[in-house]
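Asker: This structure is in structure tokens; I'll ask about it shortly.
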Amino acid sequence: MHPELLLTNIGYGFSILLTASLGTFILLKGRRKTEHVTFFLLSVVLLIYEISHVWGINVSDPELSRKIFMFNTANLFIVAFNAHWVFAMTQSLTKQRWALGIIYAIATGLCLGYWIWPESFMLPSQHFVLYFESYYNIGPLYPIMTLYFVLIIAYFMAHLFRVFFTTGNEMLKARLKYVIGGLIWGYGVGVTALLPLYGIDFDPIISTLVATYTIPFAYSILAHNLWDLNVVARKALWYGLLVAFLTMLIAGVNSINNVILTLYPSLSLWVIPFISALVAVSIGTLVWNRLKFIDTLRYELLQVMMHKFRTPLTKIRWAADRVGKNAPDEDTAKNVARIRQETDMISELVDTLVYSSTIDTAEYHHTVAQISVHRFLENALNTFKHRSVDRKFTVNENDCGELVLGIDEQRMSFALQVLVDNAFKYTREGGHITVDIGHDARRNQVLFKVMDDGIGFDMSEQKKIFYEFYRTKHAQHVDTEGMGLGLFLAQKITERHGGALYAESKGDGKGSVFTLVLPVKSDTIEE
Amino acid sequence: MTTTKTKVLVVEDDSFLAEVLLQKFTECGDEVCYAPDGSGVVERVQNEKPHVVVLDILLPARNGLDILEELKQKEDTKAVPVVVVSNVNQSEDIARATKLGAAKYLVKAGQNPDDIVKVVHSVLEVV
């Protein structure tokens with residue numbers, strides 16, 4: 001296979017994966033929102049275009065290739081859904097309903113026409129245009145689609161610019177920056193695939209990265225839903241641009257290679273590709289290090305922030321403690337207790353937020369040490385003793401206390417505390433909370449079962465309760481302050497220790513059992 | 001019969017937190033001395049010979065973990081128990097402090113001053 005065809009295939013493979021995953025992700029984040037649905041539909045037609053393109057250029061049979069290239073009609077709906085999405089996100093659907101109707105009507109009409117009279121759209125493919133096995137051989141009416149394509153883009157781009165320069169909504173303006181940037185990049189890159197169709201001698205390898213334009217789109221949709229997506233989206237965009245740059249560079253060097261070999265026939269064939277590979281690897285390493293550096297900076301910034309928050313919180317807590325000790329009356333004592341309770345809650349929130357934003361970064365790592373189950377339980381559950389006044393809290397070690405775990409105690413304590421804290425939160429006064437320890441000798445695992453007779457959950461939500469930000473309706477009702485991060489983090493932390501965390505319940509109001517499984521390190525602590 | 005007072009050196013740069021800790025130790029009958037930053041702490045331990053050191057990590061002039069390392073390297077100070085009391089709760093720092101020989105590592109935000117005093121006294125009982 002020609003190296004540039006191979007690169008094209010790899011590039012389109014990347015684009016197909018990106019389109020499919022982003023489209024599905026956005027749909028799952030909001031199945032009932034027009035913005036999300038139209039983005040998904042845009043992804044579907046883009047996917048059809050990408051698959052048909054990469055398939056068609058690899059097929060040598062001109063007739064089969066032509067049939068595959070017929071799916072190029074997906075382009076009609078790429079711009080149509082794109083326009084729909086743009087109008088939805090700028091809240092102009094009502095104003096633009098007629099325009100949108102016309103856009104869809106023309107797209108449908110043209111598509112039907114092309115499929116009824118396929119020769120008007122696509123002729124049997126040409127062989128070996130550039131390095132492709134086959135390439136589009138356009139029919140006489142194909143340019144109508146190109147014209148439609150360009151006009152619709154011009155229309156919604158004009159609309160976008162108009163909104164951008166007239167809106168007073170700064171948040172929308174910020175989102176539009178990403179959208180406009182993404183559109184210019186995406187269509188600029190994608191259109192290069194059209195150039196050889198019209199006899200323009202241009203290598204369209206960069207068009208392989210057409211799908212990267214959906215990244216800023218996705219970001220603009222989700223920016224208000226996920227607080228840390230900014231970094232993820234930017235990083236993804238950087239990766240995309242890096243791949244684009246490297247692809248172009250290699251293509252460029254290969255073209256130069258041909259020229260140099262013509263001028264200096266004595267030069268070995270491998271010299272220029274070798275240099276190009278070296279350059280690519282060097283750039284890749286450089287960018288990779290840069291990204292890691294940014295990751296580290298972010299991690300450190302969060303740690304500093306966490307420290308900055310904690311110091312004033314400690315002061316408030318200790319000052320409250322001082323006042324509480326000398327409280328002149330019961331009312332003051334109660335208010336002081338409330339201040340302490342709330343500062344504890346802010347401390348927990350800070351910890352949780354920092355955990356959630358660093359758990360997937362390269363900087364997140366465990367410091368593992370050996371600890372007995374007994375010691376681990378004692379340290380982790382100490383804070384719950386004072387809460388066991390209104391609810392019966394029992395810990396049964398069941399002769400497992402001497403077993404030794406190899407864990408990051410601080411992080412695993414957090415995970416276990418989340419489970420017990422939830423049990424306290426979601427169990428009524430007078431209820432029962434039991435932490436029961438078991439040993440699975442066959443698998444050599446310790447099982448921490450946190451059982452309660454609280455609100456429970458429907459088993460259809462068994463997996464969902466571990467999703468980030470997910471909270472059952474019942475849980476939202478009982479505790480309005482939760483963020484839906486505790487179980488998500490507890491599961492991640494446990495899995496990073498080679499363990500597992502799962503949940504069971506007999507249904508709403510019937511209590512729940514959370515089982516945290518960790519591997520046993522040894523029977524005794526090794527010195 | 002004479003009983004020797006426990007002598008505690010508190011190294012804490014925040015004046016309010018230091019004041020609360022010093023007051024608590026004094027109330028418990030301990031003798032206290034105080035360092036507001038990381039400079040000269042090792043020398044003070046050598047000269048004033050406290051029974052225990054309560055040490056913060058993020059300090060002006062010198063990092064608490066570096067102080068701990070030096071204390072544990074010197075013959076005349078290595079036996080003095082050090083309780084690290086800090087708001088830094090990164091696993092790496094906790095692991096490093098434990099490895100260097102800290103008797104306990106406490107995160108300030110999660111503790112009452114009374115609890116800290118109890119832990120410091122329990123460390124001395126073990127010693």
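Here's how to read the names in the structure tokens: chain A, B, ... by the order shown, residue numbers from 1 in each chain, ligand numbers from 1 in the order shown.
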For Tyr34 in chain B, list every protein, DNA or RNA residue within 12 Å, evaluated using only C-alpha atoms, and leave out those in the same chain fewer than 6 positions away; present the list as a list in words.
Answerer: Lys7, Val8, Leu9, Val10, Val11, Glu12, Asp13, Asp14, Ser15, Leu17, Ala18, Glu19, Val20, Leu21, Leu22, Gln23, Phe25, Gly40, Val41, Arg44, Val45, Glu48, Pro50, Val53, Val54, Leu55 and Asp56 of chain B
Asker: Given a cut-off of 9 Å, which residues of chain B touch chain A, counting only C-alpha atoms, written out as a list of chain:residue names?
Answerer: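 Here they are: B:Asp14, B:Phe16, B:Leu17, B:Val20, B:Asn87, B:Val88, B:Asn89, B:Gln90, B:Ser91, B:Glu92, B:Ile94, B:Ala95, B:Lys108, B:Ala109, B:Gly110, B:Gln111, B:Asn112, B:Pro113.
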Asker: Among chain B, which ones does DSSP place in helix (DSSP H, G or I), written as a PyMOL selection string?
Answerer: chain B and resi 15-27+41-48+64-73+91-100+108-110+113-126
Asker: Using only C-alpha atoms, can you tell me which of A:Pro204, A:Gly11, A:Gly484, A:Gly499 comes closest to Gly188 in chain A?
Answerer: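 That would be A:Pro204, the residue with the smallest distance to Gly188 in chain A.
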Asker: Between CA of Val191 in chain A and CA of Ser207 in chain A, what is the spacing in Å?
Answerer: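 Straight-line distance from CA of Ser207 in chain A to CA of Val191 in chain A works out to 7.2 Å.
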Asker: Which neighbours of Ile371 in chain A fall inside 12 Å, counting only C-alpha atoms, when residues of the same chain fewer than 2 positions from it are skipped, and could you give them as an MDAnalysis selection string?
Answerer: chainID A and resid 368:369 373:380 401:410 412:413 520:527
Asker: Which polymer residues have any atom within 9 Å of an atom of range 62-68 of chain B, counting only C-alpha atoms, with same-chain residues fewer than 3 positions away left out, as an mmCIF file with all heavy atoms, in the first residue's frame?
Answerer:
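Done, and the output landed in out.cif:
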```
data_model
loop_
_atom_site.group_PDB
_atom_site.id
_atom_site.type_symbol
_atom_site.label_atom_id
_atom_site.label_comp_id
_atom_site.auth_asym_id
_atom_site.auth_seq_id
_atom_site.Cartn_x
_atom_site.Cartn_y
_atom_site.Cartn_z
ATOM 1 N N VAL B 11 6.181 24.296 65.930
ATOM 2 C CA VAL B 11 6.685 25.051 64.778
ATOM 3 C C VAL B 11 5.494 25.286 63.847
ATOM 4 O O VAL B 11 5.022 24.370 63.170
ATOM 5 C CB VAL B 11 7.803 24.268 64.039
ATOM 6 C CG1 VAL B 11 8.446 25.150 62.975
ATOM 7 C CG2 VAL B 11 8.831 23.744 65.018
ATOM 8 N N ASP B 37 8.798 30.132 62.174
ATOM 9 C CA ASP B 37 9.225 29.755 60.815
ATOM 10 C C ASP B 37 10.246 28.621 60.889
ATOM 11 O O ASP B 37 10.562 28.131 61.971
ATOM 12 C CB ASP B 37 9.784 30.965 60.045
ATOM 13 C CG ASP B 37 10.967 31.597 60.742
ATOM 14 O OD1 ASP B 37 11.895 30.845 61.116
ATOM 15 O OD2 ASP B 37 10.962 32.833 60.938
ATOM 16 N N GLY B 38 10.752 28.231 59.731
ATOM 17 C CA GLY B 38 11.604 27.040 59.681
ATOM 18 C C GLY B 38 13.077 27.293 59.981
ATOM 19 O O GLY B 38 13.863 26.345 60.070
ATOM 20 N N SER B 39 13.464 28.573 60.165
ATOM 21 C CA SER B 39 14.889 28.835 60.366
ATOM 22 C C SER B 39 15.314 28.529 61.814
ATOM 23 O O SER B 39 14.603 28.874 62.758
ATOM 24 C CB SER B 39 15.205 30.303 60.037
ATOM 25 O OG SER B 39 14.459 31.129 60.887
ATOM 26 N N VAL B 41 15.312 25.847 63.531
ATOM 27 C CA VAL B 41 14.530 24.886 64.331
ATOM 28 C C VAL B 41 15.426 23.753 64.848
ATOM 29 O O VAL B 41 15.350 23.369 66.021
ATOM 30 C CB VAL B 41 13.346 24.326 63.501
ATOM 31 C CG1 VAL B 41 12.661 23.182 64.242
ATOM 32 C CG2 VAL B 41 12.333 25.427 63.211
ATOM 33 N N VAL B 42 16.307 23.248 63.970
ATOM 34 C CA VAL B 42 17.173 22.129 64.370
ATOM 35 C C VAL B 42 18.057 22.555 65.552
ATOM 36 O O VAL B 42 18.189 21.822 66.542
ATOM 37 C CB VAL B 42 18.031 21.659 63.176
ATOM 38 C CG1 VAL B 42 18.977 20.538 63.613
ATOM 39 C CG2 VAL B 42 17.144 21.186 62.036
ATOM 40 N N LEU B 55 5.279 19.875 64.189
ATOM 41 C CA LEU B 55 5.908 20.533 63.038
ATOM 42 C C LEU B 55 4.953 20.709 61.858
ATOM 43 O O LEU B 55 4.342 19.740 61.385
ATOM 44 C CB LEU B 55 7.110 19.663 62.607
ATOM 45 C CG LEU B 55 7.980 20.120 61.462
ATOM 46 C CD1 LEU B 55 8.727 21.399 61.814
ATOM 47 C CD2 LEU B 55 8.988 19.030 61.095
ATOM 48 N N ASP B 56 4.855 21.930 61.381
ATOM 49 C CA ASP B 56 4.078 22.204 60.165
ATOM 50 C C ASP B 56 4.985 21.922 58.955
ATOM 51 O O ASP B 56 6.207 21.811 59.115
ATOM 52 C CB ASP B 56 3.651 23.683 60.187
ATOM 53 C CG ASP B 56 2.600 24.004 59.139
ATOM 54 O OD1 ASP B 56 2.114 23.072 58.473
ATOM 55 O OD2 ASP B 56 2.265 25.202 58.992
ATOM 56 N N ILE B 57 4.403 21.807 57.757
ATOM 57 C CA ILE B 57 5.263 21.537 56.580
ATOM 58 C C ILE B 57 5.567 22.814 55.793
ATOM 59 O O ILE B 57 6.719 23.141 55.533
ATOM 60 C CB ILE B 57 4.616 20.485 55.655
ATOM 61 C CG1 ILE B 57 4.649 19.112 56.338
ATOM 62 C CG2 ILE B 57 5.367 20.408 54.323
ATOM 63 C CD1 ILE B 57 4.175 17.975 55.473
ATOM 64 N N LEU B 58 4.500 23.514 55.408
ATOM 65 C CA LEU B 58 4.732 24.724 54.606
ATOM 66 C C LEU B 58 5.071 25.889 55.538
ATOM 67 O O LEU B 58 4.192 26.485 56.155
ATOM 68 C CB LEU B 58 3.510 25.047 53.754
ATOM 69 C CG LEU B 58 3.187 24.037 52.648
ATOM 70 C CD1 LEU B 58 1.961 24.461 51.868
ATOM 71 C CD2 LEU B 58 4.361 23.855 51.692
ATOM 72 N N LEU B 59 6.353 26.155 55.640
ATOM 73 C CA LEU B 59 6.834 27.172 56.574
ATOM 74 C C LEU B 59 7.704 28.188 55.850
ATOM 75 O O LEU B 59 8.381 27.831 54.875
ATOM 76 C CB LEU B 59 7.704 26.508 57.645
ATOM 77 C CG LEU B 59 7.011 25.594 58.656
ATOM 78 C CD1 LEU B 59 8.037 24.724 59.357
ATOM 79 C CD2 LEU B 59 6.232 26.416 59.669
ATOM 80 N N LEU B 71 16.585 16.547 61.458
ATOM 81 C CA LEU B 71 16.433 16.130 62.862
ATOM 82 C C LEU B 71 16.696 14.631 63.009
ATOM 83 O O LEU B 71 17.303 14.185 63.986
ATOM 84 C CB LEU B 71 15.017 16.446 63.358
ATOM 85 C CG LEU B 71 14.693 17.905 63.681
ATOM 86 C CD1 LEU B 71 13.213 18.069 64.006
ATOM 87 C CD2 LEU B 71 15.539 18.394 64.860
ATOM 88 N N LYS B 72 16.222 13.862 62.035
ATOM 89 C CA LYS B 72 16.364 12.409 62.127
ATOM 90 C C LYS B 72 17.766 11.933 61.743
ATOM 91 O O LYS B 72 18.124 10.778 61.970
ATOM 92 C CB LYS B 72 15.305 11.720 61.251
ATOM 93 C CG LYS B 72 13.893 11.917 61.758
ATOM 94 C CD LYS B 72 13.701 11.273 63.135
ATOM 95 C CE LYS B 72 12.465 11.762 63.850
ATOM 96 N NZ LYS B 72 12.376 11.293 65.238
ATOM 97 N N GLN B 73 18.546 12.830 61.122
ATOM 98 C CA GLN B 73 19.921 12.453 60.753
ATOM 99 C C GLN B 73 20.903 12.727 61.893
ATOM 100 O O GLN B 73 21.914 12.062 62.025
ATOM 101 C CB GLN B 73 20.353 13.227 59.507
ATOM 102 C CG GLN B 73 19.864 12.586 58.207
ATOM 103 C CD GLN B 73 20.074 13.486 57.012
ATOM 104 O OE1 GLN B 73 20.493 14.635 57.153
ATOM 105 N NE2 GLN B 73 19.784 12.961 55.836
ATOM 106 N N VAL B 82 8.626 13.487 66.370
ATOM 107 C CA VAL B 82 8.090 14.640 65.635
ATOM 108 C C VAL B 82 6.680 14.301 65.154
ATOM 109 O O VAL B 82 6.473 13.283 64.487
ATOM 110 C CB VAL B 82 8.991 14.978 64.419
ATOM 111 C CG1 VAL B 82 8.402 16.149 63.622
ATOM 112 C CG2 VAL B 82 10.404 15.296 64.879
ATOM 113 N N VAL B 84 3.904 15.596 62.730
ATOM 114 C CA VAL B 84 3.678 16.571 61.658
ATOM 115 C C VAL B 84 2.206 16.966 61.689
ATOM 116 O O VAL B 84 1.315 16.114 61.686
ATOM 117 C CB VAL B 84 4.062 15.973 60.286
ATOM 118 C CG1 VAL B 84 3.725 16.945 59.166
ATOM 119 C CG2 VAL B 84 5.542 15.633 60.259
ATOM 120 N N ASP B 93 3.502 13.362 50.345
ATOM 121 C CA ASP B 93 4.074 14.041 51.509
ATOM 122 C C ASP B 93 3.910 13.208 52.778
ATOM 123 O O ASP B 93 4.820 13.139 53.601
ATOM 124 C CB ASP B 93 3.425 15.422 51.693
ATOM 125 C CG ASP B 93 3.839 16.372 50.586
ATOM 126 O OD1 ASP B 93 5.052 16.532 50.382
ATOM 127 O OD2 ASP B 93 2.967 16.917 49.913
ATOM 128 N N ARG B 96 6.359 10.465 52.578
ATOM 129 C CA ARG B 96 7.735 10.926 52.804
ATOM 130 C C ARG B 96 7.968 11.206 54.290
ATOM 131 O O ARG B 96 8.998 10.804 54.851
ATOM 132 C CB ARG B 96 8.009 12.190 51.970
ATOM 133 C CG ARG B 96 9.467 12.528 51.953
ATOM 134 C CD ARG B 96 9.852 13.706 51.106
ATOM 135 N NE ARG B 96 11.151 14.191 51.585
ATOM 136 C CZ ARG B 96 11.491 15.455 51.629
ATOM 137 N NH1 ARG B 96 10.680 16.376 51.186
ATOM 138 N NH2 ARG B 96 12.683 15.804 52.079
ATOM 139 N N ALA B 97 6.991 11.856 54.929
ATOM 140 C CA ALA B 97 7.133 12.171 56.356
ATOM 141 C C ALA B 97 7.255 10.884 57.173
ATOM 142 O O ALA B 97 8.101 10.783 58.068
ATOM 143 C CB ALA B 97 5.936 12.985 56.828
ATOM 144 N N LEU B 100 10.607 9.351 56.681
ATOM 145 C CA LEU B 100 11.682 10.092 57.353
ATOM 146 C C LEU B 100 11.668 9.881 58.869
ATOM 147 O O LEU B 100 12.619 10.225 59.548
ATOM 148 C CB LEU B 100 11.557 11.588 57.049
ATOM 149 C CG LEU B 100 11.900 12.024 55.628
ATOM 150 C CD1 LEU B 100 11.574 13.504 55.435
ATOM 151 C CD2 LEU B 100 13.370 11.774 55.317
ATOM 152 N N GLY B 101 10.550 9.350 59.369
ATOM 153 C CA GLY B 101 10.521 9.025 60.801
ATOM 154 C C GLY B 101 9.544 9.839 61.622
ATOM 155 O O GLY B 101 9.661 9.876 62.854
ATOM 156 N N ALA B 102 8.557 10.488 60.959
ATOM 157 C CA ALA B 102 7.546 11.227 61.734
ATOM 158 C C ALA B 102 6.750 10.229 62.572
ATOM 159 O O ALA B 102 6.378 9.158 62.088
ATOM 160 C CB ALA B 102 6.609 11.980 60.798
#
```
Asker: Which neighbours of Lys173 in chain A fall inside 12 Å, counting only C-alpha atoms, when residues of the same chain fewer than 5 positions from it are skipped, and could you give them as a ChimeraX atom specification?
Answerer: /A:89-90,160-168,178-180,220
Asker: Write down as a list in words the residues belonging to chain B that are assigned strand (DSSP E or B) by DSSP computed on the backbone.
Answerer: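 Across chain B, those assigned strand (DSSP E or B) are Lys7, Val8, Leu9, Val10, Val11, Glu31, Val32, Cys33, Tyr34, Ala35, Val52, Val53, Val54, Leu55, Val82, Val83, Val84, Val85, Ser86, Lys104, Tyr105, Leu106 and Val107 of chain B.
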Asker: Go ahead and write the selection's residues with N, CA and C atoms as an mmCIF file, in the first residue's frame.
Answerer:
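Listed below is the output, selection_6.cif:
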```
data_model
loop_
_atom_site.group_PDB
_atom_site.id
_atom_site.type_symbol
_atom_site.label_atom_id
_atom_site.label_comp_id
_atom_site.auth_asym_id
_atom_site.auth_seq_id
_atom_site.Cartn_x
_atom_site.Cartn_y
_atom_site.Cartn_z
ATOM 1 N N LYS B 7 7.997 19.023 77.561
ATOM 2 C CA LYS B 7 8.343 20.250 76.842
ATOM 3 C C LYS B 7 8.016 20.053 75.348
ATOM 4 N N VAL B 8 7.168 20.917 74.841
ATOM 5 C CA VAL B 8 6.719 20.784 73.441
ATOM 6 C C VAL B 8 7.209 21.980 72.625
ATOM 7 N N LEU B 9 7.855 21.689 71.501
ATOM 8 C CA LEU B 9 8.217 22.784 70.593
ATOM 9 C C LEU B 9 7.199 22.801 69.450
ATOM 10 N N VAL B 10 6.484 23.911 69.323
ATOM 11 C CA VAL B 10 5.492 24.040 68.252
ATOM 12 C C VAL B 10 6.086 24.898 67.131
ATOM 13 N N VAL B 11 6.181 24.296 65.930
ATOM 14 C CA VAL B 11 6.685 25.051 64.778
ATOM 15 C C VAL B 11 5.494 25.286 63.847
ATOM 16 N N GLU B 31 5.115 22.366 79.123
ATOM 17 C CA GLU B 31 5.937 23.554 78.921
ATOM 18 C C GLU B 31 6.060 23.737 77.408
ATOM 19 N N VAL B 32 5.862 24.958 76.944
ATOM 20 C CA VAL B 32 5.867 25.130 75.488
ATOM 21 C C VAL B 32 6.944 26.101 75.025
ATOM 22 N N CYS B 33 7.439 25.850 73.840
ATOM 23 C CA CYS B 33 8.266 26.838 73.158
ATOM 24 C C CYS B 33 7.782 26.901 71.713
ATOM 25 N N TYR B 34 8.099 27.993 71.042
ATOM 26 C CA TYR B 34 7.428 28.264 69.767
ATOM 27 C C TYR B 34 8.405 28.794 68.707
ATOM 28 N N ALA B 35 8.267 28.258 67.494
ATOM 29 C CA ALA B 35 9.052 28.775 66.363
ATOM 30 C C ALA B 35 8.087 29.181 65.253
ATOM 31 N N VAL B 52 9.111 16.659 72.537
ATOM 32 C CA VAL B 52 8.403 16.370 71.276
ATOM 33 C C VAL B 52 8.335 17.656 70.438
ATOM 34 N N VAL B 53 8.308 17.460 69.098
ATOM 35 C CA VAL B 53 8.194 18.620 68.199
ATOM 36 C C VAL B 53 6.890 18.492 67.414
ATOM 37 N N VAL B 54 6.114 19.572 67.411
ATOM 38 C CA VAL B 54 4.910 19.628 66.571
ATOM 39 C C VAL B 54 5.280 20.495 65.373
ATOM 40 N N LEU B 55 5.279 19.875 64.189
ATOM 41 C CA LEU B 55 5.908 20.533 63.038
ATOM 42 C C LEU B 55 4.953 20.709 61.858
ATOM 43 N N VAL B 82 8.626 13.487 66.370
ATOM 44 C CA VAL B 82 8.090 14.640 65.635
ATOM 45 C C VAL B 82 6.680 14.301 65.154
ATOM 46 N N VAL B 83 5.714 15.132 65.525
ATOM 47 C CA VAL B 83 4.348 14.964 65.025
ATOM 48 C C VAL B 83 4.130 16.040 63.961
ATOM 49 N N VAL B 84 3.904 15.596 62.730
ATOM 50 C CA VAL B 84 3.678 16.571 61.658
ATOM 51 C C VAL B 84 2.206 16.966 61.689
ATOM 52 N N VAL B 85 1.969 18.267 61.746
ATOM 53 C CA VAL B 85 0.594 18.784 61.758
ATOM 54 C C VAL B 85 0.505 19.797 60.628
ATOM 55 N N SER B 86 -0.146 19.378 59.548
ATOM 56 C CA SER B 86 -0.119 20.237 58.362
ATOM 57 C C SER B 86 -1.455 20.173 57.640
ATOM 58 N N LYS B 104 3.736 10.728 63.818
ATOM 59 C CA LYS B 104 2.339 10.808 63.362
ATOM 60 C C LYS B 104 2.230 11.906 62.316
ATOM 61 N N TYR B 105 1.225 11.792 61.482
ATOM 62 C CA TYR B 105 0.963 12.840 60.492
ATOM 63 C C TYR B 105 -0.501 13.224 60.626
ATOM 64 N N LEU B 106 -0.765 14.444 60.995
ATOM 65 C CA LEU B 106 -2.155 14.875 61.183
ATOM 66 C C LEU B 106 -2.496 16.011 60.215
ATOM 67 N N VAL B 107 -3.691 15.931 59.642
ATOM 68 C CA VAL B 107 -4.155 17.029 58.782
ATOM 69 C C VAL B 107 -4.973 17.969 59.660
#
```
